[in-house]
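**Student:** My file is target_34.txt. It has compact mmCIF, C-alpha atoms and all ligand atoms:
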# COMPACT_ATOMS: atom_id res chain seq x y z
CA ASP A 292 20.64 30.74 50.02
CA GLY A 293 21.30 34.21 48.62
CA PRO A 294 18.72 36.62 47.25
CA SER A 295 15.82 35.61 45.03
CA VAL A 296 16.57 35.95 41.32
CA GLU A 297 12.90 35.58 40.37
CA TRP A 298 12.40 39.09 38.97
CA PHE A 299 15.68 38.91 37.09
CA ARG A 300 14.70 35.63 35.39
CA ASP A 301 11.52 37.26 34.15
CA ALA A 302 12.95 40.63 33.15
CA LYS A 303 14.21 39.85 29.61
CA PHE A 304 15.14 43.44 28.81
CA GLY A 305 17.01 46.20 30.60
CA MET A 306 18.63 49.55 29.86
CA PHE A 307 22.34 50.01 30.58
CA VAL A 308 23.60 53.59 30.94
CA HIS A 309 27.24 54.63 30.70
CA TRP A 310 27.54 58.25 31.71
CA GLY A 311 30.41 60.15 33.26
CA VAL A 312 32.54 63.26 33.01
CA SER A 313 34.25 61.81 29.90
CA SER A 314 30.83 61.87 28.15
CA GLN A 315 31.49 65.57 27.58
CA THR A 316 34.25 64.75 25.10
CA GLY A 317 32.40 62.30 22.90
CA GLY A 318 35.81 60.75 22.22
CA GLN A 319 37.39 64.03 21.01
CA TRP A 320 39.74 65.56 23.48
CA ARG A 321 42.62 68.01 23.29
CA GLY A 322 42.91 67.63 19.54
CA GLU A 323 42.89 63.82 19.55
CA ASN A 324 40.24 61.36 18.41
CA TYR A 325 39.52 58.31 20.56
CA TYR A 326 37.37 55.89 18.59
CA GLY A 327 35.45 53.30 20.64
CA ILE A 328 35.13 52.93 24.44
CA THR A 329 35.20 56.63 25.27
CA GLU A 330 34.72 55.81 28.96
CA TRP A 331 38.35 54.67 28.85
CA LEU A 332 39.53 58.16 27.83
CA TRP A 333 41.77 58.72 30.83
CA ARG A 334 43.57 55.38 30.48
CA ARG A 335 43.88 55.72 26.72
CA SER A 336 45.24 59.25 26.86
CA GLU A 337 47.36 58.59 29.96
CA ALA A 338 46.55 62.14 30.98
CA SER A 339 47.65 63.46 34.36
CA ARG A 340 45.09 63.46 37.17
CA GLU A 341 44.90 67.26 37.05
CA ASP A 342 44.05 67.22 33.38
CA TYR A 343 41.52 64.40 33.43
CA LEU A 344 39.81 65.33 36.68
CA GLY A 345 39.63 68.87 35.32
CA LEU A 346 36.67 67.53 33.32
CA LEU A 347 34.71 67.89 36.55
CA ASP A 348 35.09 71.68 36.38
CA THR A 349 32.99 71.81 33.21
CA PHE A 350 30.49 69.07 34.06
CA ASP A 351 27.12 70.79 34.10
CA PRO A 352 24.53 68.69 32.24
CA GLN A 353 21.53 70.95 32.62
CA GLY A 354 19.67 68.83 30.06
CA PHE A 355 19.68 65.79 32.37
CA ASP A 356 16.14 64.73 33.17
CA ALA A 357 15.80 61.49 35.14
CA ASP A 358 12.12 61.15 34.25
CA GLU A 359 13.00 61.27 30.56
CA TRP A 360 15.50 58.37 30.84
CA VAL A 361 13.18 56.30 32.98
CA SER A 362 10.15 56.88 30.71
CA LEU A 363 12.17 55.81 27.68
CA ALA A 364 13.21 52.59 29.44
CA LYS A 365 9.63 52.00 30.49
CA GLU A 366 8.25 52.70 27.02
CA ALA A 367 10.70 50.18 25.53
CA GLY A 368 9.54 47.50 27.95
CA ALA A 369 12.74 47.44 29.99
CA LYS A 370 12.24 46.08 33.49
CA TYR A 371 15.43 47.45 34.95
CA ILE A 372 18.06 50.14 34.49
CA VAL A 373 21.75 49.80 35.34
CA VAL A 374 23.66 53.08 35.51
CA THR A 375 27.34 53.86 36.09
CA ALA A 376 27.49 55.16 39.66
CA LYS A 377 31.27 54.95 39.43
CA HIS A 378 33.21 53.77 36.40
CA HIS A 379 36.95 53.05 36.19
CA ASP A 380 37.86 56.75 36.28
CA GLY A 381 36.86 56.76 39.95
CA VAL A 382 34.54 59.76 39.64
CA ALA A 383 31.34 59.33 41.65
CA MET A 384 28.15 60.20 39.78
CA PHE A 385 26.49 60.61 43.18
CA ASP A 386 27.00 62.64 46.32
CA THR A 387 29.78 61.01 48.31
CA ASP A 388 31.60 61.92 51.50
CA PHE A 389 34.50 59.59 50.67
CA SER A 390 36.03 61.36 47.70
CA ASP A 391 36.39 64.94 46.46
CA TYR A 392 35.65 63.73 42.97
CA ASP A 393 31.91 63.63 42.61
CA VAL A 394 29.51 65.51 40.34
CA THR A 395 27.56 66.94 43.25
CA ASP A 396 30.12 68.89 45.29
CA GLY A 397 33.01 68.55 42.86
CA ALA A 398 31.36 70.04 39.76
CA PRO A 399 29.18 73.02 38.82
CA PHE A 400 26.31 70.55 38.27
CA GLY A 401 25.67 70.38 42.02
CA ARG A 402 22.91 67.78 41.69
CA ASP A 403 22.88 64.06 42.51
CA PRO A 404 21.79 62.24 39.34
CA MET A 405 21.67 58.83 41.08
CA LYS A 406 19.24 60.31 43.60
CA GLU A 407 17.07 61.78 40.85
CA LEU A 408 17.11 58.47 38.98
CA SER A 409 16.21 56.48 42.08
CA ILE A 410 13.18 58.72 42.67
CA ALA A 411 12.09 58.58 39.02
CA ALA A 412 12.54 54.80 38.85
CA GLU A 413 10.58 54.19 42.00
CA LYS A 414 7.76 56.37 40.70
CA GLU A 415 7.60 54.43 37.42
CA GLY A 416 7.96 51.03 39.07
CA ILE A 417 11.19 50.13 37.29
CA ARG A 418 14.16 48.62 39.12
CA LEU A 419 17.42 50.50 39.41
CA GLY A 420 20.87 48.97 39.75
CA PHE A 421 24.29 50.58 40.03
CA TYR A 422 27.42 49.80 38.05
CA TYR A 423 30.32 50.13 40.48
CA SER A 424 33.90 49.57 39.36
CA GLN A 425 35.21 47.78 42.42
CA PHE A 426 38.72 46.99 41.23
CA GLN A 427 39.75 49.61 38.70
CA ASP A 428 39.79 53.09 40.16
CA TRP A 429 42.20 55.32 38.26
CA GLU A 430 41.76 58.25 40.62
CA HIS A 431 42.70 56.50 43.86
CA PRO A 432 46.48 55.93 44.18
CA ASP A 433 45.85 52.44 45.61
CA GLY A 434 43.06 51.49 43.18
CA GLY A 435 43.56 49.11 40.26
CA GLY A 436 44.43 50.18 36.72
CA ASN A 437 46.27 53.49 36.90
CA GLU A 438 49.83 52.38 36.28
CA TRP A 439 50.85 55.45 34.30
CA GLU A 440 50.78 57.61 37.42
CA TYR A 441 51.08 55.11 40.28
CA ASP A 442 53.62 52.30 40.43
CA PRO A 443 51.73 49.06 41.11
CA ALA A 444 54.56 47.94 43.42
CA GLY A 445 53.68 50.75 45.81
CA LYS A 446 49.94 50.06 45.92
CA ASP A 447 47.99 48.63 48.80
CA PHE A 448 44.65 47.68 47.28
CA SER A 449 43.06 47.12 50.69
CA VAL A 450 43.55 50.81 51.52
CA TYR A 451 41.44 51.74 48.49
CA GLN A 452 38.87 49.07 49.29
CA GLN A 453 38.46 50.15 52.92
CA GLU A 454 38.69 53.91 52.39
CA LYS A 455 36.74 54.38 49.22
CA ALA A 456 34.99 51.38 47.67
CA ILE A 457 33.27 49.94 50.73
CA PRO A 458 32.22 53.36 52.12
CA GLN A 459 30.83 54.41 48.75
CA LEU A 460 28.91 51.15 48.38
CA ASP A 461 27.57 51.85 51.84
CA GLU A 462 26.26 55.20 50.59
CA LEU A 463 24.73 53.63 47.47
CA LEU A 464 23.04 50.93 49.51
CA THR A 465 21.79 53.33 52.16
CA ASN A 466 20.69 56.55 50.46
CA TYR A 467 18.98 55.40 47.26
CA GLY A 468 16.15 53.11 48.30
CA ASP A 469 16.02 49.53 47.05
CA VAL A 470 19.00 48.74 44.85
CA ALA A 471 18.09 46.01 42.35
CA LEU A 472 21.67 44.98 41.69
CA ILE A 473 25.29 46.01 41.87
CA TRP A 474 27.02 45.57 38.57
CA PHE A 475 30.61 44.90 39.59
CA ASP A 476 33.10 44.77 36.71
CA THR A 477 36.63 43.84 35.66
CA PRO A 478 37.89 42.05 38.80
CA GLY A 479 41.48 42.15 37.47
CA ASP A 480 43.77 40.36 39.88
CA SER A 481 41.66 41.08 42.96
CA THR A 482 41.72 38.34 45.56
CA LEU A 483 38.98 36.01 46.69
CA GLU A 484 39.09 37.71 50.07
CA SER A 485 38.48 41.10 48.48
CA ALA A 486 35.58 39.76 46.36
CA ARG A 487 34.04 38.08 49.41
CA GLN A 488 34.18 41.29 51.38
CA PHE A 489 32.23 43.10 48.67
CA VAL A 490 29.64 40.33 48.48
CA ASP A 491 29.22 40.09 52.25
CA PHE A 492 28.92 43.83 52.54
CA VAL A 493 26.18 44.08 49.91
CA ARG A 494 24.32 41.18 51.56
CA GLU A 495 24.51 42.85 54.94
CA ARG A 496 23.18 46.19 53.70
CA GLN A 497 20.53 44.94 51.24
CA PRO A 498 20.00 41.17 51.24
CA ASP A 499 17.83 41.31 48.09
CA THR A 500 20.37 43.14 45.92
CA LEU A 501 21.77 40.92 43.15
CA ILE A 502 25.49 40.81 42.35
CA SER A 503 26.96 40.37 38.86
CA SER A 504 29.45 37.58 38.14
CA ARG A 505 32.10 40.16 37.26
CA ILE A 506 32.84 40.34 40.96
CA GLY A 507 35.07 37.38 40.02
CA HIS A 508 36.04 34.07 41.63
CA GLY A 509 32.81 32.38 40.52
CA LEU A 510 30.79 34.52 42.90
CA GLY A 511 27.69 36.52 41.97
CA ASP A 512 23.99 35.81 41.56
CA TYR A 513 23.79 35.88 37.78
CA GLN A 514 26.17 35.34 34.93
CA ASN A 515 27.48 37.99 32.58
CA TYR A 516 28.93 36.85 29.30
CA ARG A 517 31.58 38.79 27.41
CA ASP A 518 30.54 42.09 25.90
CA SER A 519 28.33 41.47 22.85
CA GLU A 520 28.34 37.70 23.40
CA ILE A 521 25.31 35.44 23.31
CA PRO A 522 25.87 31.83 24.37
CA VAL A 523 24.76 29.09 21.95
CA VAL A 524 23.06 27.49 24.94
CA HIS A 525 23.13 28.72 28.50
CA GLU A 526 24.01 25.81 30.74
CA SER A 527 24.50 27.12 34.23
CA SER A 528 21.79 27.26 36.87
CA ARG A 529 22.41 30.97 37.39
CA PRO A 530 20.38 33.32 35.21
CA PHE A 531 22.30 35.32 32.63
CA GLU A 532 22.55 38.69 31.03
CA ALA A 533 23.90 39.55 27.57
CA ILE A 534 25.17 43.10 27.19
CA PHE A 535 25.51 45.16 24.02
CA PRO A 536 26.33 48.73 23.12
CA HIS A 537 24.65 50.28 20.06
CA ASN A 538 28.02 50.88 18.43
CA GLU A 539 31.61 50.43 19.59
CA SER A 540 31.50 52.60 22.64
CA TRP A 541 29.63 52.39 25.93
CA GLY A 542 30.21 56.03 26.79
CA TYR A 543 28.92 58.76 24.49
CA THR A 544 30.81 59.05 21.21
CA ALA A 545 30.51 61.65 18.50
CA LEU A 546 32.77 59.58 16.22
CA ASP A 547 30.72 56.43 15.73
CA THR A 548 27.25 56.68 14.26
CA ASN A 549 27.22 53.07 13.14
CA PHE A 550 24.28 52.06 15.35
CA LYS A 551 22.83 48.57 15.18
CA SER A 552 19.45 48.64 13.48
CA THR A 553 16.26 48.00 15.41
CA THR A 554 15.90 44.74 13.48
CA GLU A 555 19.33 43.59 14.66
CA LEU A 556 18.49 44.59 18.23
CA LEU A 557 15.23 42.66 18.11
CA HIS A 558 17.05 39.57 16.85
CA ILE A 559 19.39 39.84 19.81
CA LEU A 560 16.46 40.29 22.19
CA ALA A 561 14.60 37.29 20.79
CA ASP A 562 17.71 35.10 20.78
CA VAL A 563 18.67 36.00 24.35
CA ALA A 564 15.10 35.69 25.66
CA SER A 565 14.67 32.30 23.97
CA LYS A 566 17.61 31.07 26.06
CA GLY A 567 16.16 32.45 29.26
CA GLY A 568 18.46 35.46 29.55
CA ASN A 569 18.17 39.21 29.75
CA PHE A 570 19.31 41.63 27.08
CA LEU A 571 20.90 44.70 28.65
CA LEU A 572 21.13 47.34 25.91
CA ASN A 573 23.40 50.31 26.50
CA VAL A 574 22.89 54.02 25.92
CA GLY A 575 25.59 56.68 26.29
CA PRO A 576 24.05 60.04 27.20
CA ASP A 577 26.11 63.07 26.18
CA GLY A 578 27.69 65.78 28.32
CA ASN A 579 24.36 67.56 28.54
CA GLY A 580 22.65 64.43 29.89
CA LYS A 581 20.76 63.70 26.68
CA ILE A 582 20.43 60.18 25.25
CA PRO A 583 21.44 60.25 21.56
CA GLU A 584 18.47 60.53 19.20
CA ALA A 585 19.46 57.32 17.38
CA SER A 586 19.21 55.38 20.68
CA VAL A 587 15.95 57.07 21.63
CA ASN A 588 14.42 56.05 18.30
CA ARG A 589 15.55 52.46 18.67
CA PHE A 590 14.23 52.14 22.22
CA ARG A 591 10.88 53.53 21.03
CA GLU A 592 10.73 51.01 18.19
CA ILE A 593 11.58 48.17 20.55
CA GLY A 594 8.68 49.43 22.66
CA LYS A 595 6.33 49.12 19.71
CA TRP A 596 7.50 45.55 19.16
CA MET A 597 7.02 44.79 22.86
CA ASP A 598 3.46 46.11 22.77
CA VAL A 599 2.58 43.60 20.08
CA ASN A 600 4.94 40.69 20.80
CA GLY A 601 6.09 40.99 24.40
CA GLU A 602 4.25 39.62 27.38
CA SER A 603 2.95 41.36 30.51
C1 LIG B 1 33.96 46.58 30.88
C2 LIG B 1 34.41 48.02 31.02
O1 LIG B 1 35.81 48.09 31.03
C3 LIG B 1 33.82 48.84 29.89
O2 LIG B 1 34.23 50.19 29.97
C4 LIG B 1 32.31 48.75 29.97
O3 LIG B 1 31.85 49.30 31.21
C5 LIG B 1 31.89 47.30 29.84
C6 LIG B 1 30.41 47.11 30.02
O4 LIG B 1 32.56 46.49 30.83
O5 LIG B 1 34.61 46.02 29.77
C7 LIG B 1 34.69 44.68 29.62
C8 LIG B 1 34.52 43.80 30.65
C9 LIG B 1 34.60 42.43 30.42
C10 LIG B 1 34.87 41.96 29.14
C11 LIG B 1 35.05 42.85 28.11
C12 LIG B 1 34.98 44.21 28.35
N1 LIG B 1 34.92 40.59 28.91
O6 LIG B 1 34.68 39.77 29.81
O7 LIG B 1 35.15 40.18 27.75
Would you mind writing the file's structure down as structure tokens?
**Tutor:**
Amino acid sequence: DGPSVEWFRDAKFGMFVHWGVSSQTGGQWRGENYYGITEWLWRRSEASREDYLGLLDTFDPQGFDADEWVSLAKEAGAKYIVVTAKHHDGVAMFDTDFSDYDVTDGAPFGRDPMKELSIAAEKEGIRLGFYYSQFQDWEHPDGGGNEWEYDPAGKDFSVYQQEKAIPQLDELLTNYGDVALIWFDTPGDSTLESARQFVDFVRERQPDTLISSRIGHGLGDYQNYRDSEIPVVHESSRPFEAIFPHNESWGYTALDTNFKSTTELLHILADVASKGGNFLLNVGPDGNGKIPEASVNRFREIGKWMDVNGES
């Protein structure tokens, strides 16, 4: 049993979106340059919680337009969008009652971008899934990953899971319509029992929602490979997804303009599709909510290719 993976097997192409309060920095913060994975800014800088979470005070992306993101995905022939509802920093990109750190009540922005995206996606007939960092949560004292401020010996992971992660997943699976999938990530040393609780909870709230294999312990409805990895042959019975950023960061970076060419991206798409998988291509919108022009152009070109060479 488990949910039907039919739509996922047919999807072939999706848009991944990494967007958070760190997107404002573009990898340049307090006089330092952080090349690559800018979404890891807090961990890499080992800043105090006051300093890092202070990025909420300036988060006001008035340029964010959910329809614009969704139309670009649609134009490129993507069948689904996966967006960071909560990345490792623990900041909710949606309105939550279970943390003070969200962009709705905790920032001047005051809007709920996940809500706006869910409405836009439904209107355009494109599926929406949420990335939710279930293990790493650098903001919560009992969450995984923040060992520069909280001694791991003093942590009780189950407190974080019961007080924050499960309640927030409840919100995501209750207030945003049909959720295509939950993209769990980096299970770390989380236990089988913890992983099972997440799976059972998602099943209970939305039985059709797919779960990524990065929940750990061999669970999940489809298989993720390593970042930027394409298998020579895909041998499991689960469908798979290959994920790539344009450059060396998932979150917005001002330091890396070395974007893969459209030709390279199309080779990846064709290779992955020929093996039955989905290519999930990332964009990192900036602190004003705008998708970088280089990514926009590439998605548009992929769309032209799809019009001629894609099916459906
Ligand atoms: C994770 C995140 O830490 C990262 O910030 C980003 O969201 C990416 C999509 O996922 O990074 C990973 C997770 C798994 C592997 C590598 C990087 N892996 O399995 O090789």
**Student:** Between A:Phe385, A:Trp429, A:Tyr467, A:Phe590, which one has atoms that come closest to A:Arg334, using only C-alpha atoms?
**Tutor:**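 Of A:Phe385, A:Trp429, A:Tyr467, A:Phe590, the one nearest A:Arg334, counting only C-alpha atoms, is A:Trp429.
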**Student:** Interatomic distance between atom CA of A:Glu337 and atom CA of A:Trp439?
**Tutor:** 6.4 Å
**Student:** Please provide as a list in words all residues within 7 Å of stretch 403-412 of chain A, with the sequence filter that same-chain residues fewer than 4 positions apart are discarded (counting only C-alpha atoms).
**Tutor:** Ala357, Asp358, Val361, Met384, Phe385, Asp386, Thr395, Gly416, Ile417, Arg418, Leu419 and Tyr467 of chain A
**Student:** Report as a list in words which protein, DNA and RNA residues come within 6 Å of ligand LIG 1 (chain B), using all atoms listed in the file.
**Tutor:**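 Counting only what the definition allows, namely all atoms listed in the file, the set is Glu330, Thr477, Arg517 and Asp518 of chain A.
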**Student:** Using all atoms listed in the file, find the one residue out of A:Phe426, A:Phe421, A:Tyr371, A:Tyr516 that sits nearest to A:Ser449.
**Tutor:**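 Nearest to A:Ser449: A:Phe426.
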**Student:** Quick check, in Å to one decimal: how far apart do atom CA of A:Asp348 and atom CA of A:Pro399 lie?
**Tutor:**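 One can read the atom CA of A:Asp348 to atom CA of A:Pro399 distance as 6.5 Å.
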**Student:** Give me the residues within 10 Å of A:Phe448 as number ranges by chain, counting all atoms listed in the file and dropping any in the same chain fewer than 2 places off.
**Tutor:** A: 426, 431-435, 443, 445-446, 450-453, 481-482, 485
**Student:** Under the rule that only C-alpha atoms are counted, which of A:Asp301, A:Glu359, A:Asp512, A:Glu520 is the nearest residue to A:Asn569?
**Tutor:**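 Of all the options, A:Asp301 lies closest to A:Asn569.
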**Student:** Measure the distance from atom CA of A:Leu344 to atom CA of A:Trp331 in Å and round it to one decimal.
**Tutor:**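 Separating atom CA of A:Leu344 from atom CA of A:Trp331 is a distance of 13.3 Å.
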**Student:** Could you check which of A:Val312, A:Ala398, A:Ala376, A:Ala471 is closest to A:Trp333, using only C-alpha atoms?
**Tutor:**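 Closest to A:Trp333 of all the choices is A:Val312.
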**Student:** Counting only C-alpha atoms, which residue out of A:Ala367, A:Asp447, A:Glu454, A:Asn573 sits closest to A:Asp598?
**Tutor:**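 Smallest separation from A:Asp598 among the options: A:Ala367.
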**Student:** Would you list the residues near (26.8, 65.9, 25.5) (no more than 10 Å away, in the coordinates of the file, using all atoms listed in the file) as an mmCIF file with C-alpha atoms, in the coordinates of the input?
**Tutor:**
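Generated file (point_18.cif):
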data_model
loop_
_atom_site.group_PDB
_atom_site.id
_atom_site.type_symbol
_atom_site.label_atom_id
_atom_site.label_comp_id
_atom_site.auth_asym_id
_atom_site.auth_seq_id
_atom_site.Cartn_x
_atom_site.Cartn_y
_atom_site.Cartn_z
ATOM 1 C CA TRP A 310 27.540 58.250 31.710
ATOM 2 C CA VAL A 312 32.540 63.260 33.010
ATOM 3 C CA SER A 313 34.250 61.810 29.900
ATOM 4 C CA SER A 314 30.830 61.870 28.150
ATOM 5 C CA GLN A 315 31.490 65.570 27.580
ATOM 6 C CA THR A 316 34.250 64.750 25.100
ATOM 7 C CA GLY A 317 32.400 62.300 22.900
ATOM 8 C CA PHE A 350 30.490 69.070 34.060
ATOM 9 C CA ASP A 351 27.120 70.790 34.100
ATOM 10 C CA PRO A 352 24.530 68.690 32.240
ATOM 11 C CA GLY A 354 19.670 68.830 30.060
ATOM 12 C CA PHE A 355 19.680 65.790 32.370
ATOM 13 C CA TYR A 543 28.920 58.760 24.490
ATOM 14 C CA THR A 544 30.810 59.050 21.210
ATOM 15 C CA ALA A 545 30.510 61.650 18.500
ATOM 16 C CA GLY A 575 25.590 56.680 26.290
ATOM 17 C CA PRO A 576 24.050 60.040 27.200
ATOM 18 C CA ASP A 577 26.110 63.070 26.180
ATOM 19 C CA GLY A 578 27.690 65.780 28.320
ATOM 20 C CA ASN A 579 24.360 67.560 28.540
ATOM 21 C CA GLY A 580 22.650 64.430 29.890
ATOM 22 C CA LYS A 581 20.760 63.700 26.680
ATOM 23 C CA ILE A 582 20.430 60.180 25.250
ATOM 24 C CA PRO A 583 21.440 60.250 21.560
#
**Student:** Need the shell around A:Arg494: protein/DNA/RNA residues with any atom at most 12 Å away, counting only C-alpha atoms. Skip same-chain ones fewer than 4 positions apart. Format as an NGL selection string?
**Tutor:** :A and (292-294 or 460-461 or 464 or 470 or 472-473 or 487-490 or 498-502 or 511-512)
**Student:** Find the spatial neighbours of A:Ser540, counting all atoms listed in the file, within a cut-off of 7 Å - ignore same-chain residues fewer than 6 positions away - and output them as a list in words.
**Tutor:**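 Skipping anything fewer than 6 positions along the chain leaves Gly327, Ile328 and Thr329 of chain A.
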**Student:** Can I get the selection written as a PDB file, in the coordinates of the input, with C-alpha atoms?
**Tutor:**
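result-v7.pdb written:
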ATOM      1  CA  GLY A 327      35.450  53.300  20.640  1.00  0.00           C
ATOM      2  CA  ILE A 328      35.130  52.930  24.440  1.00  0.00           C
ATOM      3  CA  THR A 329      35.200  56.630  25.270  1.00  0.00           C
TER       4      THR A 329
END
**Student:** Excluding A:Ile534 and its own-chain neighbours fewer than 6 positions away, which residues fall within 12 Å of it when counting all atoms listed in the file? Please give them as a list in words.
**Tutor:**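 Counting all atoms listed in the file, the residues come to Lys303, Phe304, Gly305, Met306, Phe307, Val308, Val373, Trp474, Gln514, Asn515, Tyr516, Arg517, Asp518, Ser519, Glu520, Ile521, Pro522, Trp541, Leu556, Ile559, Leu560, Val563, Gly568, Asn569, Phe570, Leu571, Leu572, Asn573 and Val574 of chain A.
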